[in-house]
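Quick notes on the structure that follows.
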Amino acid sequence: MAMYSRLPGSVALITLQNPPVNALSAAVRQGIVDTVQRALKDPKVTSVVICGQNGKFCGGADIREFAGPMLGPPLVPMIHAIEAVDKPVAAAIEGVALGGGLELALGCHYRIAHSKALLGLPEVTLGLLPGAGGSQRLPRLIGLTAALDLITTGRHISAAEALKLGILDQVTDNNVVDQAVEFVRRVAGQPLDSRRLSTLPCPCPPDVDSLLDKAMVKVRQRSRGALAPVACVQALMAAASLPYTQGMEKERDLLTTLFNSGQARALQYAFFSQRVVGKWSLPSGASWDNSAARTISKAAVIGLGTMGRGIVVALALTGISVVAVETQEKQLAEASQAVPAMLQREAGRRSLATPPGVISFSSNLQDVSEVELVIEAVFEDMSLKLQVFRHLTSVCRPGTLLCSNTSGLDIDQLAAVTQSPGLVVGMHFFAPAHVMKLLEVVYGPRSSPEAVATAMQLGKRMGKVSVAVGNCPGFVGNRMLKPYLEQANFLLEEGATPQQVDEALEEFGFPMGVFRMSDLSGLDVGWRIRKEAGLTGPGVESTRTRQGRRYSPLPDQVCEAGRLGQKTGRGWYQYDGPGGRVARSDPWVHIFLEAYRAEHGLVARSIAPEEILERCLYALINEGFNILQDAMAAGPEDIDAIYVFGYGWPRHHGGPMFHAGQVGLGRILERLQHHHHNHPDVPHLKPSTLLRRLVAVGSPPVQTWREFINKERVHSQL
Ligand SMILES: CCC/C=C/C(=O)SCCNC(=O)CCNC(=O)[C@H](O)C(C)(C)COP(=O)([O-])OP(=O)([O-])OC[C@H]1O[C@@H](n2cnc3c(N)ncnc32)[C@H](O)[C@@H]1OP(=O)([O-])[O-]
């Protein structure tokens, strides 16, 4: 809806009304068309101001409407009609002007914003382009170079930056509607031709072709396989070379292609999943809307290795006072140098003048006695963690929340050694903890709703996407990673090279294939876990079947050869030296693989990229279904958010569970059955019961699985 009012002094005020962000739904578009007509027809009106209700100008097109048929007046002619009005029209921007919201403002003759407003054309992040004229008007206003940056990244910019770029005519700290009204009164009667952006030429640098070529290379590298960034560059090529009308035709054609692509659906799903996971619920019935969170102002972090340091910085950036504890003097000395520098850097990156939180360093665990929440981040060793939790429960005041940054150990076992097991949860950060967006909040059977709510809210304050997950080995993310890594190793045994496996996964869109990723994280991490699980180490027989299932000793043998990844300069690849970043194929690995296959009587075969993808991804997806079946994640959106924000799953594929739906559940089931038939000693390839049940009921859309699972559980089908 849009409300029309006549202000004293012949200004018409049009207020967009569609809470919470005044998205341009069919009703809002109809409202704008009607009210603009009314202002045009009213001879007493000499100028118009468009604003949004409740402190938000407009969050863009209504994304929820994209799934259905197009109803109501389309955006493009609506904005053209505003631009063509012969009375000055100003956008009064408060809160946000994003996507179609900014495109609407670009159709106005003037733009006035509050200093705290955010502006941007984030359509690319939803698999689209600014298809309401934005791809043609913005470059005409601010030049091709700046428009390329804004449109291909979709980043939100401050009012100050928008003013500098020339998007805004005025920025104010006062009431923006009042300022806009004053502004249009002042300019009423002045010629409007030069304010109609569609009539202007597009300012381009002399080397425009090279600029566009470079932009194309950059977007292809940044998000491999993603269609929208490429289409954005193509639309800007049109803006640079064609008259406006033809540019608009190109924009429309590109938008139609994107709209019909699975990628746009995947990215829009990813947008909503990110919001769905914030509305968490536990099998106990506790949920985000019935569980109170505590507000934390003082916290402690125990253990200042890589993870601990990142967590300290993440907490301090939210303004929380942090006691950072490390009992090893050398590590403490290093951390007390490194952490303030990290904090300064990150504060700078986030444009914060000064880091808000206060950090004190200590080697004494007694110093955590006054905090409200502790995050333990010591070495991933259960006996050490138990020791820390025993100590914490005796040192901390009653009611302190005790959290562990374990990446997969049993939270309940930790809770059991404390006086208040209800106040124990996992907070699984991802390295580097102050940068990575994902936080798994792990609830054990005894974790209280208050503890879960507090950890979830704290994650949100730190700018994380927090996902509540159940307590099982590896939780959600690492539990699914296991079958994925396992398949990658089996593929090497069967004839693939690390490069072939990585290239197939990178072609799919992962920023790094599994072997490059393992080299980066360090191969010894998994080696230690396998030793603890009794799968390898002294006294374990060197066979390819262990604990009753197929096992590949390949990664153990690579570690035994002293190749631990980037940190040793050698792993699945070779690097320029310890800490080197550029992975190069290593003849050693090829000779080693050949010798290994010969020793075990394996004949190498040529493996197609399709098989690599199926084996790795479908095994991972299958585990996702098992996790849903076991109620360790509340819904597919939770798993997908974890994979998109923590594991580099290409966002334009939505997430593993969404991708399964797009491929077709029947197809996934059939291929898993096929691979399990060929590898009956690999239990991870055995299709999950939930997957079978979903196929049996006709493969319903991913958005309905949560409800289906709950019903199946009630009827004991799972
Ligand atoms: C046609 C081609 C041309 C045009 C294309 C476009 O414009 S594409 C669009 C380009 N625009 C964008 O990409 C902007 C997308 N939006 C945002 O980035 C953020 O929502 C925000 C910065 C506007 C506000 O952040 P915040 O942290 O204050 O709040 P929050 O994020 O929690 O959202 C609150 C609620 O509003 C909902 N909702 C939000 N926007 C839309 C929408 N456009 N539509 C529908 N719904 C929307 C959101 O789902 C949530 O609903 P819930 O869960 O309560 O039922």
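Every chain in the structure tokens has a letter given in the order shown (A, B, ...), and although residue numbers restart at 1 in each chain, ligands are simply numbered from 1 in the order shown.
Neighbouring residues of ligand 1 at a cut-off of 7 Å, counting only C-alpha atoms and all ligand atoms, are Pro20, Val21, Ala23, Gly59, Gly60, Ala61, Asp62, Ile63, Arg64, Val96, Leu98, Gly99, Gly100, Gly101, Leu121, Pro122, Glu123, Leu126, Leu128, Leu129, Pro130, Gly131, Ala132, Phe272, Arg275 and Val276 of chain A.
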Checklist line | All residues 10 Å or closer to Ala286 (chain A), only C-alpha atoms, same chain fewer than 4 positions away omitted, as a PyMOL selection string | finding: chain A and resi 280-282+290-291+448-450+452-453
Print the selection's residues with all heavy atoms to a file, as a tab-separated table (two decimals), in the first residue's frame.
```tsv
chain	number	residue	atom	x	y	z
A	280	TRP	N	14.91	-20.56	15.85
A	280	TRP	CA	15.26	-21.93	16.21
A	280	TRP	C	14.20	-22.58	17.10
A	280	TRP	O	13.44	-21.89	17.78
A	280	TRP	CB	16.62	-21.95	16.91
A	280	TRP	CG	16.67	-21.06	18.14
A	280	TRP	CD1	16.96	-19.73	18.16
A	280	TRP	CD2	16.37	-21.42	19.49
A	280	TRP	NE1	16.87	-19.23	19.43
A	280	TRP	CE2	16.53	-20.25	20.27
A	280	TRP	CE3	16.00	-22.60	20.13
A	280	TRP	CZ2	16.32	-20.24	21.65
A	280	TRP	CZ3	15.80	-22.60	21.51
A	280	TRP	CH2	15.96	-21.42	22.24
A	281	SER	N	14.20	-23.91	17.07
A	281	SER	CA	13.35	-24.65	18.01
A	281	SER	C	14.07	-25.95	18.35
A	281	SER	O	14.85	-26.45	17.54
A	281	SER	CB	11.99	-24.94	17.39
A	281	SER	OG	12.17	-25.73	16.23
A	282	LEU	N	13.82	-26.45	19.55
A	282	LEU	CA	14.46	-27.69	19.99
A	282	LEU	C	13.39	-28.78	20.08
A	282	LEU	O	12.21	-28.47	20.22
A	282	LEU	CB	15.11	-27.51	21.37
A	282	LEU	CG	16.04	-26.32	21.56
A	282	LEU	CD1	16.70	-26.39	22.94
A	282	LEU	CD2	17.11	-26.28	20.49
A	290	ASN	N	9.94	-18.53	22.92
A	290	ASN	CA	9.48	-18.80	24.28
A	290	ASN	C	10.64	-18.98	25.26
A	290	ASN	O	10.45	-19.46	26.37
A	290	ASN	CB	8.53	-20.01	24.32
A	290	ASN	CG	9.23	-21.31	23.92
A	290	ASN	OD1	10.46	-21.38	23.91
A	290	ASN	ND2	8.46	-22.33	23.60
A	291	SER	N	11.86	-18.60	24.83
A	291	SER	CA	13.02	-18.77	25.71
A	291	SER	C	13.77	-17.45	25.84
A	291	SER	O	14.18	-16.86	24.83
A	291	SER	CB	13.98	-19.81	25.12
A	291	SER	OG	13.27	-20.97	24.77
A	448	SER	N	19.75	-26.00	29.00
A	448	SER	CA	18.47	-25.30	29.25
A	448	SER	C	18.14	-24.39	28.06
A	448	SER	O	19.05	-23.92	27.35
A	448	SER	CB	18.59	-24.45	30.51
A	448	SER	OG	19.53	-23.42	30.28
A	449	PRO	N	16.85	-24.12	27.85
A	449	PRO	CA	16.46	-23.17	26.79
A	449	PRO	C	17.17	-21.83	26.95
A	449	PRO	O	17.58	-21.21	25.98
A	449	PRO	CB	14.95	-23.02	26.98
A	449	PRO	CG	14.53	-24.27	27.67
A	449	PRO	CD	15.68	-24.70	28.53
A	450	GLU	N	17.36	-21.40	28.21
A	450	GLU	CA	18.00	-20.11	28.46
A	450	GLU	C	19.45	-20.13	27.95
A	450	GLU	O	19.92	-19.15	27.34
A	450	GLU	CB	17.99	-19.83	29.97
A	450	GLU	CG	18.54	-18.47	30.31
A	450	GLU	CD	18.78	-18.29	31.81
A	450	GLU	OE1	18.98	-19.29	32.52
A	450	GLU	OE2	18.78	-17.13	32.25
A	452	VAL	N	20.70	-22.02	25.55
A	452	VAL	CA	20.68	-22.04	24.08
A	452	VAL	C	20.34	-20.64	23.55
A	452	VAL	O	21.01	-20.10	22.66
A	452	VAL	CB	19.67	-23.08	23.54
A	452	VAL	CG1	19.60	-23.05	22.03
A	452	VAL	CG2	20.05	-24.48	24.02
A	453	ALA	N	19.30	-20.03	24.15
A	453	ALA	CA	18.87	-18.70	23.70
A	453	ALA	C	20.01	-17.69	23.86
A	453	ALA	O	20.24	-16.84	22.98
A	453	ALA	CB	17.64	-18.25	24.49
```
Check: Which of region 541-706 of chain A counts as strand (DSSP E or B) under DSSP, as a VMD selection string please?
Finding: chain A and resid 545 to 546 549 to 550 565 570 574 584
Written selection (all heavy atoms) as a tab-separated table (two decimals), in the first residue's frame:
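And here's out11.tsv as it stands now:
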```
chain	number	residue	atom	x	y	z
A	545	THR	N	40.21	-52.46	5.21
A	545	THR	CA	38.94	-52.61	5.92
A	545	THR	C	39.24	-52.45	7.41
A	545	THR	O	40.12	-53.12	7.93
A	545	THR	CB	38.34	-54.01	5.68
A	545	THR	OG1	38.16	-54.17	4.30
A	545	THR	CG2	37.00	-54.16	6.39
A	546	ARG	N	38.59	-51.51	8.04
A	546	ARG	CA	38.80	-51.34	9.48
A	546	ARG	C	37.46	-51.12	10.17
A	546	ARG	O	36.58	-50.43	9.63
A	546	ARG	CB	39.72	-50.14	9.76
A	546	ARG	CG	41.09	-50.41	9.12
A	546	ARG	CD	42.17	-49.49	9.53
A	546	ARG	NE	43.29	-49.68	8.61
A	546	ARG	CZ	44.35	-48.94	8.53
A	546	ARG	NH1	44.49	-47.91	9.35
A	546	ARG	NH2	45.30	-49.19	7.66
A	549	ARG	N	34.34	-51.86	8.00
A	549	ARG	CA	33.94	-51.08	6.82
A	549	ARG	C	35.17	-50.68	6.03
A	549	ARG	O	36.29	-50.73	6.53
A	549	ARG	CB	33.14	-49.86	7.23
A	549	ARG	CG	33.87	-49.02	8.28
A	549	ARG	CD	33.19	-47.71	8.55
A	549	ARG	NE	31.91	-47.87	9.23
A	549	ARG	CZ	31.09	-46.88	9.49
A	549	ARG	NH1	31.39	-45.66	9.11
A	549	ARG	NH2	29.96	-47.07	10.11
A	550	ARG	N	34.91	-50.27	4.78
A	550	ARG	CA	36.04	-49.87	3.93
A	550	ARG	C	36.75	-48.66	4.55
A	550	ARG	O	36.10	-47.74	5.04
A	550	ARG	CB	35.53	-49.52	2.52
A	550	ARG	CG	36.66	-49.13	1.58
A	550	ARG	CD	36.14	-48.95	0.17
A	550	ARG	NE	37.14	-48.32	-0.67
A	550	ARG	CZ	36.95	-47.92	-1.91
A	550	ARG	NH1	35.78	-48.11	-2.49
A	550	ARG	NH2	37.92	-47.35	-2.60
A	565	GLY	N	50.50	-30.76	5.07
A	565	GLY	CA	49.77	-29.69	4.38
A	565	GLY	C	50.62	-28.44	4.24
A	565	GLY	O	51.86	-28.50	4.31
A	570	ARG	N	54.30	-29.29	2.22
A	570	ARG	CA	53.98	-30.50	1.44
A	570	ARG	C	52.72	-31.14	2.04
A	570	ARG	O	52.58	-31.19	3.25
A	570	ARG	CB	55.09	-31.56	1.57
A	570	ARG	CG	56.45	-31.16	1.08
A	570	ARG	CD	56.63	-31.58	-0.39
A	570	ARG	NE	57.96	-31.33	-0.89
A	570	ARG	CZ	58.40	-30.14	-1.29
A	570	ARG	NH1	57.61	-29.08	-1.22
A	570	ARG	NH2	59.61	-29.99	-1.77
A	574	GLN	N	52.39	-29.69	-3.44
A	574	GLN	CA	53.61	-29.07	-2.92
A	574	GLN	C	53.44	-27.55	-2.96
A	574	GLN	O	52.73	-27.01	-3.78
A	574	GLN	CB	54.83	-29.52	-3.70
A	574	GLN	CG	54.79	-29.26	-5.20
A	574	GLN	CD	56.07	-29.65	-5.88
A	574	GLN	OE1	57.14	-29.51	-5.32
A	574	GLN	NE2	55.96	-30.16	-7.11
A	584	ARG	N	50.80	-26.67	-5.95
A	584	ARG	CA	51.25	-27.19	-7.25
A	584	ARG	C	51.23	-28.70	-7.20
A	584	ARG	O	51.49	-29.30	-6.13
A	584	ARG	CB	52.67	-26.69	-7.56
A	584	ARG	CG	52.66	-25.29	-8.20
A	584	ARG	CD	54.05	-24.77	-8.49
A	584	ARG	NE	54.78	-24.46	-7.27
A	584	ARG	CZ	55.84	-25.13	-6.82
A	584	ARG	NH1	56.31	-26.16	-7.50
A	584	ARG	NH2	56.43	-24.78	-5.70
```
Notebook entry, point to check: In region 609-647 of chain A, what's helix (DSSP H, G or I) per DSSP? Answer as a PyMOL selection string?
Noted result: chain A and resi 609-629+636-646
Only N, CA and C atoms, please: the residues just picked out, written as a compact mmCIF listing (two decimals), in the first residue's frame.
```
# COMPACT_ATOMS: atom_id res chain seq x y z
N PRO A 609 34.37 -36.40 -14.00
CA PRO A 609 34.01 -35.40 -12.98
C PRO A 609 32.61 -35.65 -12.42
N GLU A 610 31.69 -36.16 -13.26
CA GLU A 610 30.31 -36.40 -12.77
C GLU A 610 30.32 -37.42 -11.64
N GLU A 611 31.16 -38.46 -11.79
CA GLU A 611 31.20 -39.48 -10.73
C GLU A 611 31.82 -38.89 -9.46
N ILE A 612 32.84 -38.05 -9.65
CA ILE A 612 33.49 -37.43 -8.48
C ILE A 612 32.43 -36.63 -7.71
N LEU A 613 31.65 -35.83 -8.44
CA LEU A 613 30.64 -35.01 -7.78
C LEU A 613 29.59 -35.87 -7.10
N GLU A 614 29.10 -36.86 -7.83
CA GLU A 614 28.05 -37.73 -7.25
C GLU A 614 28.54 -38.40 -5.97
N ARG A 615 29.72 -38.99 -6.06
CA ARG A 615 30.20 -39.77 -4.90
C ARG A 615 30.42 -38.84 -3.70
N CYS A 616 31.09 -37.70 -3.93
CA CYS A 616 31.39 -36.81 -2.79
C CYS A 616 30.12 -36.13 -2.28
N LEU A 617 29.37 -35.53 -3.19
CA LEU A 617 28.23 -34.70 -2.75
C LEU A 617 27.05 -35.55 -2.28
N TYR A 618 26.76 -36.64 -2.95
CA TYR A 618 25.58 -37.42 -2.56
C TYR A 618 25.83 -38.14 -1.23
N ALA A 619 27.09 -38.51 -0.98
CA ALA A 619 27.40 -39.13 0.33
C ALA A 619 27.17 -38.09 1.43
N LEU A 620 27.59 -36.86 1.18
CA LEU A 620 27.40 -35.77 2.15
C LEU A 620 25.90 -35.47 2.36
N ILE A 621 25.18 -35.42 1.24
CA ILE A 621 23.74 -35.14 1.31
C ILE A 621 23.02 -36.26 2.07
N ASN A 622 23.42 -37.49 1.80
CA ASN A 622 22.79 -38.63 2.47
C ASN A 622 22.94 -38.51 3.99
N GLU A 623 24.11 -38.05 4.43
CA GLU A 623 24.32 -37.87 5.86
C GLU A 623 23.44 -36.73 6.38
N GLY A 624 23.20 -35.74 5.52
CA GLY A 624 22.27 -34.66 5.88
C GLY A 624 20.88 -35.22 6.17
N PHE A 625 20.43 -36.15 5.33
CA PHE A 625 19.11 -36.77 5.58
C PHE A 625 19.14 -37.55 6.90
N ASN A 626 20.25 -38.25 7.16
CA ASN A 626 20.35 -38.99 8.44
C ASN A 626 20.26 -38.03 9.62
N ILE A 627 20.89 -36.87 9.47
CA ILE A 627 20.89 -35.87 10.55
C ILE A 627 19.47 -35.35 10.80
N LEU A 628 18.73 -35.11 9.72
CA LEU A 628 17.33 -34.66 9.88
C LEU A 628 16.50 -35.75 10.54
N GLN A 629 16.75 -36.97 10.10
CA GLN A 629 16.03 -38.12 10.65
C GLN A 629 16.30 -38.26 12.14
N PRO A 636 15.90 -28.64 6.89
CA PRO A 636 16.94 -28.58 5.85
C PRO A 636 17.62 -27.21 5.77
N GLU A 637 16.87 -26.15 6.13
CA GLU A 637 17.45 -24.79 6.06
C GLU A 637 18.65 -24.68 7.00
N ASP A 638 18.57 -25.37 8.17
CA ASP A 638 19.66 -25.30 9.14
C ASP A 638 20.93 -25.91 8.55
N ILE A 639 20.76 -27.06 7.91
CA ILE A 639 21.92 -27.73 7.30
C ILE A 639 22.48 -26.86 6.17
N ASP A 640 21.58 -26.31 5.38
CA ASP A 640 22.04 -25.52 4.23
C ASP A 640 22.77 -24.25 4.68
N ALA A 641 22.24 -23.61 5.73
CA ALA A 641 22.92 -22.40 6.23
C ALA A 641 24.31 -22.78 6.74
N ILE A 642 24.42 -23.91 7.43
CA ILE A 642 25.72 -24.35 7.95
C ILE A 642 26.70 -24.55 6.79
N TYR A 643 26.25 -25.19 5.73
CA TYR A 643 27.17 -25.46 4.62
C TYR A 643 27.51 -24.21 3.82
N VAL A 644 26.56 -23.32 3.65
CA VAL A 644 26.84 -22.09 2.89
C VAL A 644 27.77 -21.17 3.69
N PHE A 645 27.51 -21.03 5.00
CA PHE A 645 28.28 -20.05 5.77
C PHE A 645 29.54 -20.62 6.41
N GLY A 646 29.64 -21.95 6.51
CA GLY A 646 30.82 -22.50 7.20
C GLY A 646 31.70 -23.38 6.34
```
As a PDB file with N, CA and C atoms, in the first residue's frame, please: the residues near Pro74 (chain A) (cut-off 10 Å, only C-alpha atoms, same-chain neighbours under 6 positions excluded).
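Final output, part_34.pdb:
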```
ATOM      1  N   ALA A  26       2.865  -6.264  -4.893  1.00  0.00           N
ATOM      2  CA  ALA A  26       1.898  -5.816  -5.906  1.00  0.00           C
ATOM      3  C   ALA A  26       1.053  -4.669  -5.349  1.00  0.00           C
ATOM      4  N   ARG A  29       3.083  -1.458  -5.256  1.00  0.00           N
ATOM      5  CA  ARG A  29       3.286  -0.901  -6.615  1.00  0.00           C
ATOM      6  C   ARG A  29       1.992  -0.232  -7.101  1.00  0.00           C
ATOM      7  N   GLN A  30       0.878  -0.922  -6.852  1.00  0.00           N
ATOM      8  CA  GLN A  30      -0.413  -0.331  -7.256  1.00  0.00           C
ATOM      9  C   GLN A  30      -0.632   0.995  -6.530  1.00  0.00           C
ATOM     10  N   VAL A  33       1.494   3.704  -8.137  1.00  0.00           N
ATOM     11  CA  VAL A  33       0.927   4.141  -9.425  1.00  0.00           C
ATOM     12  C   VAL A  33      -0.253   5.095  -9.172  1.00  0.00           C
ATOM     13  N   ALA A 132      15.085  -3.248 -12.612  1.00  0.00           N
ATOM     14  CA  ALA A 132      14.044  -2.219 -12.707  1.00  0.00           C
ATOM     15  C   ALA A 132      14.710  -0.926 -13.177  1.00  0.00           C
TER      16      ALA A 132
END
```
Give me the residues near region 595-602 of chain A as a PDB file with N, CA, C and O atoms, in the first residue's frame, where near means some atom within 12 Å (using only C-alpha atoms) and where sequence neighbours in that chain fewer than 5 positions away do not count.
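New file selection-v9.pdb:
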```
ATOM      1  N   PHE A 490      38.634 -42.513  -1.356  1.00  0.00           N
ATOM      2  CA  PHE A 490      38.365 -43.730  -2.141  1.00  0.00           C
ATOM      3  C   PHE A 490      38.587 -43.458  -3.630  1.00  0.00           C
ATOM      4  O   PHE A 490      39.076 -44.317  -4.365  1.00  0.00           O
ATOM      5  N   LEU A 491      38.206 -42.248  -4.065  1.00  0.00           N
ATOM      6  CA  LEU A 491      38.393 -41.911  -5.484  1.00  0.00           C
ATOM      7  C   LEU A 491      39.878 -41.920  -5.854  1.00  0.00           C
ATOM      8  O   LEU A 491      40.245 -42.345  -6.955  1.00  0.00           O
ATOM      9  N   LEU A 492      40.735 -41.498  -4.938  1.00  0.00           N
ATOM     10  CA  LEU A 492      42.180 -41.553  -5.208  1.00  0.00           C
ATOM     11  C   LEU A 492      42.624 -43.003  -5.345  1.00  0.00           C
ATOM     12  O   LEU A 492      43.410 -43.354  -6.228  1.00  0.00           O
ATOM     13  N   GLU A 493      42.127 -43.850  -4.466  1.00  0.00           N
ATOM     14  CA  GLU A 493      42.492 -45.267  -4.541  1.00  0.00           C
ATOM     15  C   GLU A 493      42.105 -45.845  -5.897  1.00  0.00           C
ATOM     16  O   GLU A 493      42.819 -46.642  -6.478  1.00  0.00           O
ATOM     17  N   GLU A 494      40.951 -45.386  -6.398  1.00  0.00           N
ATOM     18  CA  GLU A 494      40.401 -45.994  -7.619  1.00  0.00           C
ATOM     19  C   GLU A 494      40.982 -45.411  -8.901  1.00  0.00           C
ATOM     20  O   GLU A 494      40.683 -45.888  -9.985  1.00  0.00           O
ATOM     21  N   GLY A 495      41.788 -44.347  -8.788  1.00  0.00           N
ATOM     22  CA  GLY A 495      42.445 -43.850 -10.002  1.00  0.00           C
ATOM     23  C   GLY A 495      42.461 -42.349 -10.180  1.00  0.00           C
ATOM     24  O   GLY A 495      43.154 -41.840 -11.065  1.00  0.00           O
ATOM     25  N   ALA A 496      41.698 -41.600  -9.368  1.00  0.00           N
ATOM     26  CA  ALA A 496      41.695 -40.133  -9.548  1.00  0.00           C
ATOM     27  C   ALA A 496      42.954 -39.525  -8.929  1.00  0.00           C
ATOM     28  O   ALA A 496      43.628 -40.153  -8.109  1.00  0.00           O
ATOM     29  N   SER A 542      47.527 -52.756   8.761  1.00  0.00           N
ATOM     30  CA  SER A 542      47.422 -51.852   7.603  1.00  0.00           C
ATOM     31  C   SER A 542      46.562 -52.457   6.492  1.00  0.00           C
ATOM     32  O   SER A 542      47.043 -52.787   5.416  1.00  0.00           O
ATOM     33  N   THR A 543      45.278 -52.588   6.747  1.00  0.00           N
ATOM     34  CA  THR A 543      44.386 -53.147   5.723  1.00  0.00           C
ATOM     35  C   THR A 543      43.461 -52.053   5.214  1.00  0.00           C
ATOM     36  O   THR A 543      43.418 -50.962   5.785  1.00  0.00           O
ATOM     37  N   ARG A 544      42.674 -52.381   4.198  1.00  0.00           N
ATOM     38  CA  ARG A 544      41.736 -51.386   3.673  1.00  0.00           C
ATOM     39  C   ARG A 544      40.317 -51.612   4.210  1.00  0.00           C
ATOM     40  O   ARG A 544      39.361 -51.016   3.715  1.00  0.00           O
ATOM     41  N   THR A 545      40.213 -52.464   5.214  1.00  0.00           N
ATOM     42  CA  THR A 545      38.943 -52.614   5.924  1.00  0.00           C
ATOM     43  C   THR A 545      39.239 -52.445   7.408  1.00  0.00           C
ATOM     44  O   THR A 545      40.120 -53.122   7.935  1.00  0.00           O
ATOM     45  N   SER A 552      40.317 -46.060   3.941  1.00  0.00           N
ATOM     46  CA  SER A 552      41.480 -45.717   3.129  1.00  0.00           C
ATOM     47  C   SER A 552      42.600 -45.198   4.021  1.00  0.00           C
ATOM     48  O   SER A 552      42.457 -44.124   4.625  1.00  0.00           O
ATOM     49  N   PRO A 553      43.710 -45.947   4.089  1.00  0.00           N
ATOM     50  CA  PRO A 553      44.831 -45.455   4.904  1.00  0.00           C
ATOM     51  C   PRO A 553      45.658 -44.371   4.205  1.00  0.00           C
ATOM     52  O   PRO A 553      46.648 -43.906   4.756  1.00  0.00           O
ATOM     53  N   LEU A 554      45.238 -43.951   2.995  1.00  0.00           N
ATOM     54  CA  LEU A 554      46.036 -42.972   2.235  1.00  0.00           C
ATOM     55  C   LEU A 554      46.382 -41.709   3.043  1.00  0.00           C
ATOM     56  O   LEU A 554      47.563 -41.345   3.120  1.00  0.00           O
ATOM     57  N   PRO A 555      45.388 -41.024   3.645  1.00  0.00           N
ATOM     58  CA  PRO A 555      45.759 -39.786   4.351  1.00  0.00           C
ATOM     59  C   PRO A 555      46.690 -40.035   5.533  1.00  0.00           C
ATOM     60  O   PRO A 555      47.539 -39.195   5.836  1.00  0.00           O
ATOM     61  N   GLN A 557      49.043 -42.311   5.619  1.00  0.00           N
ATOM     62  CA  GLN A 557      50.386 -42.526   5.079  1.00  0.00           C
ATOM     63  C   GLN A 557      51.017 -41.212   4.613  1.00  0.00           C
ATOM     64  O   GLN A 557      52.223 -41.027   4.716  1.00  0.00           O
ATOM     65  N   VAL A 558      50.191 -40.305   4.120  1.00  0.00           N
ATOM     66  CA  VAL A 558      50.722 -38.991   3.718  1.00  0.00           C
ATOM     67  C   VAL A 558      51.264 -38.268   4.961  1.00  0.00           C
ATOM     68  O   VAL A 558      52.346 -37.686   4.938  1.00  0.00           O
ATOM     69  N   TRP A 588      55.712 -36.504  -6.297  1.00  0.00           N
ATOM     70  CA  TRP A 588      55.776 -37.460  -5.180  1.00  0.00           C
ATOM     71  C   TRP A 588      54.406 -38.111  -4.961  1.00  0.00           C
ATOM     72  O   TRP A 588      54.303 -39.324  -4.783  1.00  0.00           O
ATOM     73  N   VAL A 589      53.364 -37.288  -4.993  1.00  0.00           N
ATOM     74  CA  VAL A 589      52.011 -37.793  -4.710  1.00  0.00           C
ATOM     75  C   VAL A 589      51.600 -38.809  -5.778  1.00  0.00           C
ATOM     76  O   VAL A 589      51.025 -39.861  -5.463  1.00  0.00           O
ATOM     77  N   HIS A 590      51.941 -38.522  -7.021  1.00  0.00           N
ATOM     78  CA  HIS A 590      51.545 -39.430  -8.104  1.00  0.00           C
ATOM     79  C   HIS A 590      52.276 -40.764  -7.992  1.00  0.00           C
ATOM     80  O   HIS A 590      51.680 -41.836  -8.148  1.00  0.00           O
TER      81      HIS A 590
END
```
